[in-house]
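Engineer: Got a structure for you, written out below as structure tokens; questions coming shortly.
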Amino acid sequence: MNDTPPEAAGAQRSRLPVEPGEIRDLTRSAVGRAAARQWSADELAWTTLRPEQLTDTDRSVVRFITFIEDHIPGYLTYFLDAFPVSGTDLAIEEFCFNREYFRFLISWANDEERHASVLTRYQIEAGISEPETLMRELAEEGRKKFALPYENPVQAFTYTLVQEKATQLFYQRFRTVAREPVLRDLLHRLARDEARHFAFYSELVDAYIGRHGLAATVPDLKDVLSTFRMPLSDTLGGYWRWSLKIADATSYDHTEAYEALVRLVNGFATSGGRASAADLAEFVHRIRGI
């Protein structure tokens with residue numbers, strides 16, 4: 001017998017990001033897409049690798065993105081702490097949401113772990129680093145804790161939506177300037193995976209707004225955009241100087257990803273959210289200096 005008063009149960013449900021059934025459907029679709037598009041390191045044509053075609057910038061960028069991708073244990077730990085799947089103090093509805101979200105997190109972590117492993121192998125095969133040296137470098141950064149300064153679930157989802165889109169755009173931009181064939185193939189695969197992750201978070205944020213309303217959600221979205229930093233920006237040694245050089249070399253600007261959120265929100269403009277959608281668009285334009 002459930003002793004929770006009906007009004008309390010209703011309050012618990014109202015605090016959920018989306019209904020458990022909805023996150024179940026979103027997760028099932030995302031995990032299915034991931035399963036259909038799996039790839040392995042062995043599919044890359046390693047025998048065609050041409051290290052002599054790598055520029056100093058190429059080598060620097062590969063080192064940089066390996067640090068970012070290899071931090072997947074820290075990213076996953078953050079999300080498991082934020083959306084726990086154990087503890088009798090969790091309301092049943094909250095556990096159900098977290099349990100379904102967990103299914104996506106495991107699929108996502110599998111993709112990111114593959115990215116880290118393949119980039120590590122690429123560095124070694126291309127002579128960018130030695131195995132033992134690279135292991136220790138990655139360990140030095142990997143043991144640092146990853147955290148986000150957000151309390152509302154939609155803020156974590158929005159952060160990840162923007163980050164996944166920004167990463168996808170970066171891999172696409174890097175591929176346009178890279179010439180080494182194995183690296184170009186790898187960047188295409190990485191960008192494709194990040195696009196899938198972005199699609200899931202777009203659907204999740206869309207569902208959240210549909211449940212809670214655009215006017216109530218826009219302040220959280222603006223808070224994320226005003227404080228947004230790419231992963232490891234505050235922990236990776238020399239991050240800012242390194243990232244600026246990379247951005248210059250690839251004509252990359254992570255704030256381009258903010259426009260993806262504006263497009264998502266604009267979809268609600270015809271359902272009573274026109275003012276809120278316009279407010280967010282103007283906010284993004286100010287941030288980007290447009």
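Ligands are numbered from 1 in the order shown, residues from 1 within each chain, and chains are lettered A, B, ... in the order they appear in the structure tokens.
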List as a tab-separated table every residue of region 12-72 of chain A that is in contact with region 247-253 of chain A, defined as an atom at most 12 Å from one of its atoms (using only C-alpha atoms), together with the nearest atom pair and the distance in Å rounded to one decimal, sorted by chain and then rising number.
Structural biologist:
residue	atom	partner	partner_atom	distance
A:Thr55	CA	A:Ala249	CA	11.0
A:Asp56	CA	A:Ala249	CA	10.9
A:Thr57	CA	A:Ala249	CA	7.4
A:Asp58	CA	A:Ala249	CA	9.3
A:Ser60	CA	A:Ala249	CA	10.8
A:Val61	CA	A:Ala249	CA	9.5
A:Phe64	CA	A:Ala247	CA	11.8
Engineer: Convert the current residue selection to file output with all heavy atoms, as a CSV table (one decimal), in the first residue's frame.
Structural biologist:
chain,number,residue,atom,x,y,z
A,55,THR,N,50.3,18.5,-39.2
A,55,THR,CA,51.0,19.7,-38.8
A,55,THR,C,51.2,19.8,-37.3
A,55,THR,O,50.6,19.0,-36.5
A,55,THR,CB,50.1,21.0,-39.2
A,55,THR,OG1,48.9,21.0,-38.5
A,55,THR,CG2,49.8,20.9,-40.7
A,56,ASP,N,52.0,20.7,-36.8
A,56,ASP,CA,52.1,20.9,-35.4
A,56,ASP,C,50.8,21.2,-34.7
A,56,ASP,O,50.5,20.8,-33.6
A,56,ASP,CB,53.1,22.0,-35.1
A,56,ASP,CG,54.5,21.6,-35.4
A,56,ASP,OD1,54.8,20.4,-35.6
A,56,ASP,OD2,55.4,22.6,-35.6
A,57,THR,N,49.9,22.0,-35.4
A,57,THR,CA,48.6,22.3,-34.9
A,57,THR,C,47.8,21.0,-34.8
A,57,THR,O,47.1,20.8,-33.8
A,57,THR,CB,47.9,23.3,-35.8
A,57,THR,OG1,48.7,24.6,-35.8
A,57,THR,CG2,46.5,23.6,-35.3
A,58,ASP,N,47.8,20.2,-35.8
A,58,ASP,CA,47.1,18.9,-35.8
A,58,ASP,C,47.4,18.1,-34.6
A,58,ASP,O,46.6,17.6,-33.8
A,58,ASP,CB,47.3,18.1,-37.0
A,58,ASP,CG,46.8,18.7,-38.3
A,58,ASP,OD1,45.9,19.5,-38.2
A,58,ASP,OD2,47.3,18.3,-39.4
A,60,SER,N,48.8,19.1,-31.8
A,60,SER,CA,48.3,19.8,-30.6
A,60,SER,C,46.8,19.6,-30.3
A,60,SER,O,46.4,19.4,-29.2
A,60,SER,CB,48.6,21.3,-30.7
A,60,SER,OG,48.2,22.0,-29.5
A,61,VAL,N,46.0,19.7,-31.4
A,61,VAL,CA,44.6,19.5,-31.3
A,61,VAL,C,44.3,18.1,-30.9
A,61,VAL,O,43.4,17.9,-30.0
A,61,VAL,CB,43.9,19.9,-32.6
A,61,VAL,CG1,42.4,19.5,-32.5
A,61,VAL,CG2,44.1,21.3,-32.9
A,64,PHE,N,44.9,17.8,-27.3
A,64,PHE,CA,43.9,18.5,-26.5
A,64,PHE,C,42.6,17.7,-26.4
A,64,PHE,O,42.0,17.6,-25.3
A,64,PHE,CB,43.6,19.9,-27.2
A,64,PHE,CG,42.6,20.7,-26.5
A,64,PHE,CD1,43.0,21.5,-25.4
A,64,PHE,CD2,41.3,20.9,-27.0
A,64,PHE,CE1,42.1,22.3,-24.8
A,64,PHE,CE2,40.4,21.7,-26.3
A,64,PHE,CZ,40.8,22.4,-25.2
Engineer: Using only C-alpha atoms, determine which residues lie at most 7 Å from region 266-280 of chain A, disregarding the query and same-chain residues fewer than 2 positions distant; provide the list as a ChimeraX atom specification.
Structural biologist: /A:214-215,218,222,262-264,282-284
Engineer: Just checking: using only C-alpha atoms, which residue out of A:Ala45, A:Ile72, A:Asp185, A:Phe104 ends up closest to Gly32 (chain A)?
Structural biologist: A:Phe104
Engineer: When DSSP is applied to the backbone of this structure, which of region 65-270 of chain A are assigned helix (DSSP H, G or I)? Write them out as an MDAnalysis selection string.
Structural biologist: chainID A and resid 65:70 72:82 92:125 131:142 153:177 181:212 214:227 239:250 254:266 269:270
Engineer: If you count only C-alpha atoms, which residues fall within 8 Å of Arg114 (chain A), apart from same-chain ones fewer than 4 positions away, as a PDB file with C-alpha atoms, in the first residue's frame?
Structural biologist:
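Just written: selection_28.pdb:
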ATOM      1  CA  SER A  40      35.155   0.142 -33.526  1.00  0.00           C
ATOM      2  CA  ALA A  41      38.748   1.300 -33.638  1.00  0.00           C
ATOM      3  CA  ASN A 110      30.325   3.722 -24.069  1.00  0.00           C
ATOM      4  CA  VAL A 118      40.725   5.582 -30.266  1.00  0.00           C
TER       5      VAL A 118
END
Engineer: For region 152-168 of chain A, please output as number ranges by chain all residues within 9 Å (counting only C-alpha atoms; exclusion window: fewer than 2 positions along the same chain).
Structural biologist: A: 16-17, 79, 82-83, 148-150, 170-173, 190-202, 204-205, 208-209, 217, 220-221, 223-225, 228-231, 253-258, 260-261
Engineer: Please provide the set of residues having any atom within 7 Å of Val18 (chain A), restricted to only C-alpha atoms, with same-chain residues fewer than 2 positions apart removed, written as number ranges by chain.
Structural biologist: A: 16, 20, 22-23, 207-208, 211
Engineer: For Thr48 (chain A), which residue among A:Glu180, A:Glu137, A:Glu100, A:Glu132 is the nearest when counting only C-alpha atoms?
Structural biologist: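 Using only C-alpha atoms, the shortest distance to Thr48 (chain A) belongs to A:Glu180.
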Engineer: Could you work out how far CA of Glu93 (chain A) lies from CA of Pro219 (chain A), giving the answer in Å with one decimal?
Structural biologist: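 Separation between CA of Pro219 (chain A) and CA of Glu93 (chain A): 25.3 Å.
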Engineer: Tell me, in Å to one decimal, how far CA of His212 (chain A) is from CA of Glu94 (chain A).
Structural biologist: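 That distance, rounded to one decimal, is 16.1 Å.
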Engineer: Find the distance between CA of Asp206 (chain A) and CA of Thr77 (chain A) and write it in Å to one decimal.
Structural biologist: 24.7 Å
Engineer: Nearest residue to Cys96 (chain A) out of A:Tyr239, A:Arg143, A:Pro84, A:Thr66, using only C-alpha atoms?
Structural biologist: A:Pro84
Engineer: Just want the 9 Å neighbourhood of region 128-131 of chain A, counted on only C-alpha atoms, with same-chain residues fewer than 5 positions away dropped. Output as a ChimeraX atom specification.
Structural biologist: /A:51,59-60,62-63,120-123,136
Engineer: Output C-alpha atoms for every residue in that selection, as a PDB file, in the first residue's frame.
Structural biologist:
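In the end it all went to out12.pdb:
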ATOM      1  CA  PRO A  51      52.026  11.002 -39.679  1.00  0.00           C
ATOM      2  CA  ARG A  59      49.194  17.218 -33.191  1.00  0.00           C
ATOM      3  CA  SER A  60      48.331  19.825 -30.592  1.00  0.00           C
ATOM      4  CA  VAL A  62      44.683  15.735 -31.063  1.00  0.00           C
ATOM      5  CA  ARG A  63      46.421  15.967 -27.697  1.00  0.00           C
ATOM      6  CA  THR A 120      44.804   7.463 -27.386  1.00  0.00           C
ATOM      7  CA  ARG A 121      45.642   4.821 -29.977  1.00  0.00           C
ATOM      8  CA  TYR A 122      45.894   7.487 -32.668  1.00  0.00           C
ATOM      9  CA  GLN A 123      48.433   9.434 -30.648  1.00  0.00           C
ATOM     10  CA  ARG A 136      50.467   9.308 -16.945  1.00  0.00           C
TER      11      ARG A 136
END
